[in-house]
$ cat model.cif   # mmCIF, C-alpha atoms
data_model
#
loop_
_atom_site.group_PDB
_atom_site.id
_atom_site.type_symbol
_atom_site.label_atom_id
_atom_site.label_comp_id
_atom_site.auth_asym_id
_atom_site.auth_seq_id
_atom_site.Cartn_x
_atom_site.Cartn_y
_atom_site.Cartn_z
ATOM 1 C CA MET A 730 -16.309 4.096 4.431
ATOM 2 C CA ILE A 731 -15.267 2.415 1.176
ATOM 3 C CA SER A 732 -16.001 4.228 -2.032
ATOM 4 C CA SER A 733 -15.626 1.910 -4.966
ATOM 5 C CA SER A 734 -14.555 2.758 -8.478
ATOM 6 C CA LEU A 735 -13.539 -0.013 -10.837
ATOM 7 C CA CYS A 736 -10.230 0.163 -12.702
ATOM 8 C CA LYS A 737 -9.658 -0.967 -16.259
ATOM 9 C CA SER A 738 -8.913 -4.677 -16.006
ATOM 10 C CA THR A 739 -10.444 -7.987 -16.921
ATOM 11 C CA ASN A 740 -10.279 -10.361 -13.935
ATOM 12 C CA SER A 741 -9.122 -7.962 -11.284
ATOM 13 C CA TYR A 742 -10.216 -4.600 -9.995
ATOM 14 C CA CYS A 743 -9.085 -1.755 -7.872
ATOM 15 C CA ARG A 744 -11.035 0.734 -5.860
ATOM 16 C CA SER A 745 -10.480 3.772 -3.758
ATOM 17 C CA ILE A 746 -10.727 2.999 -0.032
ATOM 18 C CA VAL A 747 -10.040 4.743 3.263
ATOM 19 C CA PHE A 748 -7.210 3.063 5.168
ATOM 20 C CA HIS A 749 -6.004 4.624 8.432
ATOM 21 C CA GLU A 750 -7.810 7.899 7.681
ATOM 22 C CA LYS A 751 -6.369 8.398 4.192
ATOM 23 C CA GLU A 752 -7.731 7.580 0.766
ATOM 24 C CA ILE A 753 -5.677 5.007 -1.147
ATOM 25 C CA ILE A 754 -6.179 2.551 -4.022
ATOM 26 C CA SER A 755 -6.875 -1.070 -3.094
ATOM 27 C CA TYR A 756 -6.134 -3.863 -5.589
ATOM 28 C CA SER A 757 -7.591 -7.355 -5.658
ATOM 29 C CA THR A 758 -5.395 -10.195 -6.771
ATOM 30 C CA THR A 759 -5.370 -13.965 -6.400
ATOM 31 C CA SER A 760 -3.021 -16.111 -4.386
ATOM 32 C CA SER A 761 -0.485 -18.149 -6.349
ATOM 33 C CA ILE A 762 -1.143 -21.027 -3.929
ATOM 34 C CA ASN A 763 -4.933 -20.940 -4.104
ATOM 35 C CA SER A 764 -6.297 -19.313 -7.263
ATOM 36 C CA ASN A 765 -9.800 -19.233 -5.748
ATOM 37 C CA GLU A 766 -8.626 -16.950 -2.944
ATOM 38 C CA THR A 767 -8.967 -13.222 -3.620
ATOM 39 C CA ILE A 768 -6.632 -10.973 -1.660
ATOM 40 C CA SER A 769 -7.138 -7.247 -1.064
ATOM 41 C CA CYS A 770 -3.819 -5.459 -1.362
ATOM 42 C CA LEU A 771 -2.201 -2.035 -1.388
ATOM 43 C CA SER A 772 0.649 -0.921 -3.591
ATOM 44 C CA ILE A 773 3.941 -0.516 -1.726
ATOM 45 C CA LYS A 774 4.669 2.610 -3.747
ATOM 46 C CA ASP A 775 1.286 4.130 -2.796
ATOM 47 C CA ILE A 776 1.770 3.235 0.887
ATOM 48 C CA VAL A 777 5.150 4.971 0.998
ATOM 49 C CA LEU A 778 3.935 8.056 -0.893
ATOM 50 C CA THR A 779 0.741 8.375 1.160
ATOM 51 C CA TYR A 780 1.821 7.467 4.678
ATOM 52 C CA PHE A 781 5.632 7.619 4.782
ATOM 53 C CA PRO A 782 6.828 10.154 2.184
ATOM 54 C CA GLY A 783 10.134 10.641 4.054
ATOM 55 C CA THR A 784 11.257 7.073 3.394
ATOM 56 C CA THR A 785 11.919 4.825 0.382
ATOM 57 C CA PRO A 786 10.063 1.804 -1.012
ATOM 58 C CA GLU A 787 13.257 -0.215 -0.460
ATOM 59 C CA LYS A 788 13.234 0.504 3.283
ATOM 60 C CA PHE A 789 9.534 -0.389 3.448
ATOM 61 C CA ILE A 790 10.197 -3.685 1.603
ATOM 62 C CA HIS A 791 13.040 -4.442 4.033
ATOM 63 C CA LEU A 792 10.621 -4.013 6.955
ATOM 64 C CA CYS A 793 8.088 -6.266 5.187
ATOM 65 C CA ARG A 794 10.757 -8.955 4.946
ATOM 66 C CA LEU A 795 11.525 -8.634 8.663
ATOM 67 C CA LYS A 796 7.847 -9.321 9.460
ATOM 68 C CA GLN A 797 7.591 -11.977 6.718
ATOM 69 C CA ILE A 798 4.849 -10.088 4.900
ATOM 70 C CA ILE A 799 4.215 -11.656 1.514
ATOM 71 C CA ARG A 800 4.477 -9.383 -1.503
ATOM 72 C CA TYR A 801 2.330 -9.987 -4.560
ATOM 73 C CA LYS A 802 2.259 -8.957 -8.185
ATOM 74 C CA PRO A 803 -0.972 -8.097 -10.015
ATOM 75 C CA ASP A 804 -2.629 -10.947 -11.899
ATOM 76 C CA LYS A 805 -1.020 -11.417 -15.322
ATOM 77 C CA SER A 806 -4.449 -11.765 -16.905
ATOM 78 C CA THR A 807 -5.203 -8.110 -16.162
ATOM 79 C CA ASN A 808 -4.085 -4.913 -17.796
ATOM 80 C CA SER A 809 -2.608 -3.775 -14.470
ATOM 81 C CA ASP A 810 0.918 -2.437 -14.228
ATOM 82 C CA LEU A 811 2.919 -5.634 -13.649
ATOM 83 C CA SER A 812 5.713 -3.639 -12.000
ATOM 84 C CA LEU A 813 3.408 -2.950 -9.010
ATOM 85 C CA ARG A 814 4.347 -4.694 -5.798
ATOM 86 C CA LEU A 815 1.381 -5.313 -3.540
ATOM 87 C CA ILE A 816 0.945 -6.362 0.065
ATOM 88 C CA ASN A 817 -2.061 -7.837 1.808
ATOM 89 C CA ILE A 818 -4.083 -5.164 3.631
ATOM 90 C CA GLN A 819 -4.729 -7.507 6.571
ATOM 91 C CA GLN A 820 -1.027 -8.215 7.060
ATOM 92 C CA LEU A 821 -0.195 -4.521 6.759
ATOM 93 C CA ASP A 822 -2.858 -3.652 9.324
ATOM 94 C CA GLN A 823 -1.547 -6.333 11.691
ATOM 95 C CA TYR A 824 1.911 -4.684 11.745
ATOM 96 C CA TRP A 825 0.803 -1.069 11.249
ATOM 97 C CA GLN A 826 2.199 0.168 14.586
ATOM 98 C CA PHE A 827 5.551 -1.467 13.796
ATOM 99 C CA PHE A 828 5.726 0.438 10.487
ATOM 100 C CA ILE A 829 4.696 3.701 12.181
ATOM 101 C CA GLN A 830 7.409 3.260 14.798
ATOM 102 C CA GLN A 831 10.169 2.245 12.379
ATOM 103 C CA LEU A 832 9.398 4.716 9.614
ATOM 104 C CA SER A 833 8.495 7.735 11.708
ATOM 105 C CA ASP A 834 11.890 7.382 13.441
ATOM 106 C CA SER A 835 13.620 7.497 10.052
ATOM 107 C CA MET A 836 11.468 10.459 8.952
ATOM 108 C CA ARG A 837 12.404 12.390 12.130
ATOM 109 C CA SER A 838 16.119 11.613 11.774
ATOM 110 C CA SER A 839 16.076 12.863 8.175
ATOM 111 C CA GLY A 840 14.599 16.185 9.334
ATOM 112 C CA PHE A 841 11.095 15.388 8.101
ATOM 113 C CA GLN A 842 8.407 17.209 10.060
ATOM 114 C CA GLU A 843 4.961 15.817 10.762
ATOM 115 C CA SER A 844 3.261 19.071 9.730
ATOM 116 C CA ASN A 845 4.775 18.656 6.247
ATOM 117 C CA PHE A 846 3.546 15.061 6.186
ATOM 118 C CA THR A 847 -0.061 16.116 6.858
ATOM 119 C CA ALA A 848 -0.046 18.893 4.276
ATOM 120 C CA LYS A 849 1.489 16.707 1.590
ATOM 121 C CA THR A 850 -0.916 13.794 2.029
ATOM 122 C CA LEU A 851 -4.003 15.995 2.111
ATOM 123 C CA THR A 852 -3.217 17.542 -1.270
ATOM 124 C CA ARG A 853 -2.542 14.195 -2.978
ATOM 125 C CA GLY A 854 -5.651 12.787 -4.647
ATOM 126 C CA TYR A 855 -6.637 9.320 -5.856
ATOM 127 C CA LYS A 856 -9.781 8.876 -7.866
#

$ encode --input "model.cif" --output "structure tokens"
Amino acid sequence: MISSSLCKSTNSYCRSIVFHEKEIISYSTTSSINSNETISCLSIKDIVLTYFPGTTPEKFIHLCRLKQIIRYKPDKSTNSDLSLRLINIQQLDQYWQFFIQQLSDSMRSSGFQESNFTAKTLTRGYK
């Protein structure tokens, strides 16, 4: 289920995983509270582009705040893009139905059709 490919970094890595039937890049980072704790995260930008292309990262972040989902930055000791904003995969999975409900309503009201969503995500590749 998880195909792993290491990214260029020193103390952190990323890999391609399958999350809710789509391939996406997972990042590992450490908690600022407990540096021994490794957290598996997804990029907010990747989540929006892959699962909710009819919405904006800002709207997704607003929903994360409502559910008090912690956002992370990549470890500074890595060569990762420090502008990435990451969220814990476990927290995202916990509230997945909430995001589906909130963001699919906004995609429908903006005239976004589910058939377009499927076609767009199938042609987008991460490797």

$ closest_residue --input "model.cif" --among "A:Gly783, A:Gln820, A:Leu778, A:Phe828" --to "Ile799 of chain A" --atoms "all atoms listed in the file"
A:Gln820

$ atom_distance --input "model.cif" --atom1 "atom CA of Ile798 of chain A" --atom2 "atom CA of Leu815 of chain A"
10.3 Å

$ resolve_selection --input "model.cif" --expression "the PyMOL selection byres ((chain A and resi 816) around 12)" --output "NGL selection string"
:A and (755-760 or 768-776 or 789-790 or 793-794 or 797-803 or 813-815 or 817-824)

$ write_last_selection --input "model.cif" --atoms "C-alpha atoms" --output "CSV table (one decimal), in the frame of the given file"
chain,number,residue,atom,x,y,z
A,755,SER,CA,-6.9,-1.1,-3.1
A,756,TYR,CA,-6.1,-3.9,-5.6
A,757,SER,CA,-7.6,-7.4,-5.7
A,758,THR,CA,-5.4,-10.2,-6.8
A,759,THR,CA,-5.4,-14.0,-6.4
A,760,SER,CA,-3.0,-16.1,-4.4
A,768,ILE,CA,-6.6,-11.0,-1.7
A,769,SER,CA,-7.1,-7.2,-1.1
A,770,CYS,CA,-3.8,-5.5,-1.4
A,771,LEU,CA,-2.2,-2.0,-1.4
A,772,SER,CA,0.6,-0.9,-3.6
A,773,ILE,CA,3.9,-0.5,-1.7
A,774,LYS,CA,4.7,2.6,-3.7
A,775,ASP,CA,1.3,4.1,-2.8
A,776,ILE,CA,1.8,3.2,0.9
A,789,PHE,CA,9.5,-0.4,3.4
A,790,ILE,CA,10.2,-3.7,1.6
A,793,CYS,CA,8.1,-6.3,5.2
A,794,ARG,CA,10.8,-9.0,4.9
A,797,GLN,CA,7.6,-12.0,6.7
A,798,ILE,CA,4.8,-10.1,4.9
A,799,ILE,CA,4.2,-11.7,1.5
A,800,ARG,CA,4.5,-9.4,-1.5
A,801,TYR,CA,2.3,-10.0,-4.6
A,802,LYS,CA,2.3,-9.0,-8.2
A,803,PRO,CA,-1.0,-8.1,-10.0
A,813,LEU,CA,3.4,-3.0,-9.0
A,814,ARG,CA,4.3,-4.7,-5.8
A,815,LEU,CA,1.4,-5.3,-3.5
A,817,ASN,CA,-2.1,-7.8,1.8
A,818,ILE,CA,-4.1,-5.2,3.6
A,819,GLN,CA,-4.7,-7.5,6.6
A,820,GLN,CA,-1.0,-8.2,7.1
A,821,LEU,CA,-0.2,-4.5,6.8
A,822,ASP,CA,-2.9,-3.7,9.3
A,823,GLN,CA,-1.5,-6.3,11.7
A,824,TYR,CA,1.9,-4.7,11.7

$ atom_distance --input "model.cif" --atom1 "atom CA of Tyr780 of chain A" --atom2 "atom CA of Trp825 of chain A"
10.8 Å
